[in-house]
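Here's the structure, in C-alpha cells; my notes come after.
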Amino acid sequence: DRRLVVEGNAIMLSQVVLDHGGILDKFIGDAVVAFWGAPIARLADGGRAAAAGYALWQAGEAFRAEVAAMDPALPRIGKTRVGMHWGEAVVGNFGGESRIQYTALGDSMNTAARLESGNKAFRSSVMASEEFASHTTLDWWRPMGRVVLSGRASPVALCEPAPDFPAADRQALAAALDLLVADRAAAL
C-alpha cells in the first residue's frame, strides 16, 4: 500500500528532525516541515539544521532502496528533496477557538519551501540559500549560482552540501560563478 509507505517515510524523517534538535512544524502531504531556533535559539542551530537536512536526504534515499528491494513491482518512490533557508519568522501558537497550532510563518519559511521544490529543476536533492550556509560552520557548501525565486524580487544565492567535493574545486567554482556576472565567456 503506497499510503503506508509514505506514512512510514514521514515518521522516519520526523525522527531525523528530532534527533538533530529541530521542531516538527507540520506535515503537508508527504513533506515534513521543521525549524530550528525557536522557542530558544542556540549557536549550533544552523549546523544542526544543515546536518539534519543532509541526513533527511540520506534517510530518504535509504528508504527508497529498502522499498525497491522489498518488491520490484512496487512503483519507485519519489526522491526526497530538502530546502533550507535562514531568516526571521513569526513563531507561536496560531489559530482560533477550535484549533491552535504552534508553527512558524514568514518569508523565510516560504523561501525554504521554494528551495525544496527548486531541487527538481536543478536536479539536486538538498538546496540551501547562501544566507543559510553562512550561519553554519560547515565547509561543505558547493555554490550553485543565483536564482530569482517565485514571490521574490532579488536573486537568492544557492549552494548545496557536497562533503566529498574537493575544497580547491569548490573555490574554483565559486570564482567562476563570481566571474559569470562580469564576463560570461571567461567564467565558462
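Residue numbering restarts at 1 for every chain of the C-alpha cells, chains are lettered A, B, ... in their displayed order, and ligands are numbered from 1 as they appear.
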Using the chain letters and numbers from this document, which residues of chain A does DSSP assign to strand (DSSP E or B), as a PyMOL selection string?
chain A and resi 23-28+31-35+82-84+90-95+100-105+126-129+141-147+156-161
Those residues you just picked out, can you put them in a file as a tab-separated table (two decimals), in the first residue's frame with C-alpha atoms?
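Result saved to result-v3.tsv:
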chain	number	residue	atom	x	y	z
A	23	ILE	CA	10.94	21.40	15.94
A	24	LEU	CA	8.42	19.47	13.84
A	25	ASP	CA	6.08	22.08	12.44
A	26	LYS	CA	3.66	20.18	10.22
A	27	PHE	CA	3.15	17.56	7.56
A	28	ILE	CA	2.00	18.68	4.14
A	31	ALA	CA	6.52	16.60	3.31
A	32	VAL	CA	7.91	17.28	6.76
A	33	VAL	CA	8.22	20.96	7.72
A	34	ALA	CA	10.62	21.74	10.56
A	35	PHE	CA	12.51	24.67	12.03
A	82	VAL	CA	15.28	19.39	1.10
A	83	GLY	CA	15.23	23.19	1.09
A	84	MET	CA	16.96	25.26	3.79
A	90	VAL	CA	6.88	34.71	13.46
A	91	VAL	CA	6.73	31.68	15.75
A	92	GLY	CA	3.99	30.85	18.19
A	93	ASN	CA	0.51	29.49	18.67
A	94	PHE	CA	-1.78	30.46	15.80
A	95	GLY	CA	-5.37	29.61	15.19
A	100	ILE	CA	-4.47	26.10	17.59
A	101	GLN	CA	-1.12	25.15	16.10
A	102	TYR	CA	2.44	26.00	17.17
A	103	THR	CA	4.08	26.99	13.89
A	104	ALA	CA	6.46	29.36	12.12
A	105	LEU	CA	5.21	31.82	9.49
A	126	VAL	CA	19.45	19.39	-0.97
A	127	MET	CA	19.41	23.13	-1.68
A	128	ALA	CA	20.28	25.89	0.76
A	129	SER	CA	20.44	29.62	0.46
A	141	TRP	CA	28.89	24.07	0.68
A	142	ARG	CA	29.22	23.99	-3.12
A	143	PRO	CA	27.99	27.22	-4.77
A	144	MET	CA	25.19	26.75	-7.31
A	145	GLY	CA	24.65	30.27	-8.66
A	146	ARG	CA	21.81	32.71	-8.15
A	147	VAL	CA	18.13	32.43	-8.99
A	156	VAL	CA	18.96	34.21	-3.94
A	157	ALA	CA	22.46	32.73	-3.92
A	158	LEU	CA	22.22	28.95	-3.79
A	159	CYS	CA	24.51	26.22	-2.54
A	160	GLU	CA	24.33	22.55	-1.80
A	161	PRO	CA	26.11	20.33	0.69
Would you return as a PyMOL selection string the members of chain A that DSSP assigns to alpha helix (DSSP H) on this structure's backbone?
chain A and resi 2-19+45-70+107-122+130-133+167-182+184-187
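Shortest separation to Arg123 in chain A among A:Ser150, A:Gly60, A:Asp107, A:Lys79 occurs at residue A:Lys79, atoms counted being only C-alpha atoms.
Computed from the coordinates, the CA of Leu179 in chain A to CA of Ser108 in chain A distance equals 28.2 Å.
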Which is closer to Ala168 in chain A than all the others in A:Ala49, A:Thr80, A:Glu88, A:Trp140, using only C-alpha atoms?
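Looking only at the distances to Ala168 in chain A, the closest residue turns out to be A:Trp140.
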Near-Gly21 in chain A list (10 Å; only C-alpha atoms; drop same-chain fewer than 4 positions) as JSON, numbers by chain:
{"A": [15, 16, 17, 35, 36, 37, 44, 45, 48, 49, 52]}
Just to confirm, what's the straight-line distance from CA of Leu74 in chain A to CA of Glu116 in chain A in Å (one decimal)?
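Separation of CA of Leu74 in chain A and CA of Glu116 in chain A: 25.3 Å.
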Could you jot down the CA of Gly151 in chain A to CA of Gly87 in chain A separation for me, Å, one decimal place?
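Rounded to one decimal, the two atoms are 15.6 Å apart.
Residue neighbourhood of Leu149 in chain A, excluding near-sequence residues (fewer than 4 positions): Thr111, Arg114, Leu115, Gly118, Ala153, Ser154, Pro155 and Val156 of chain A, at 9 Å, using only C-alpha atoms.
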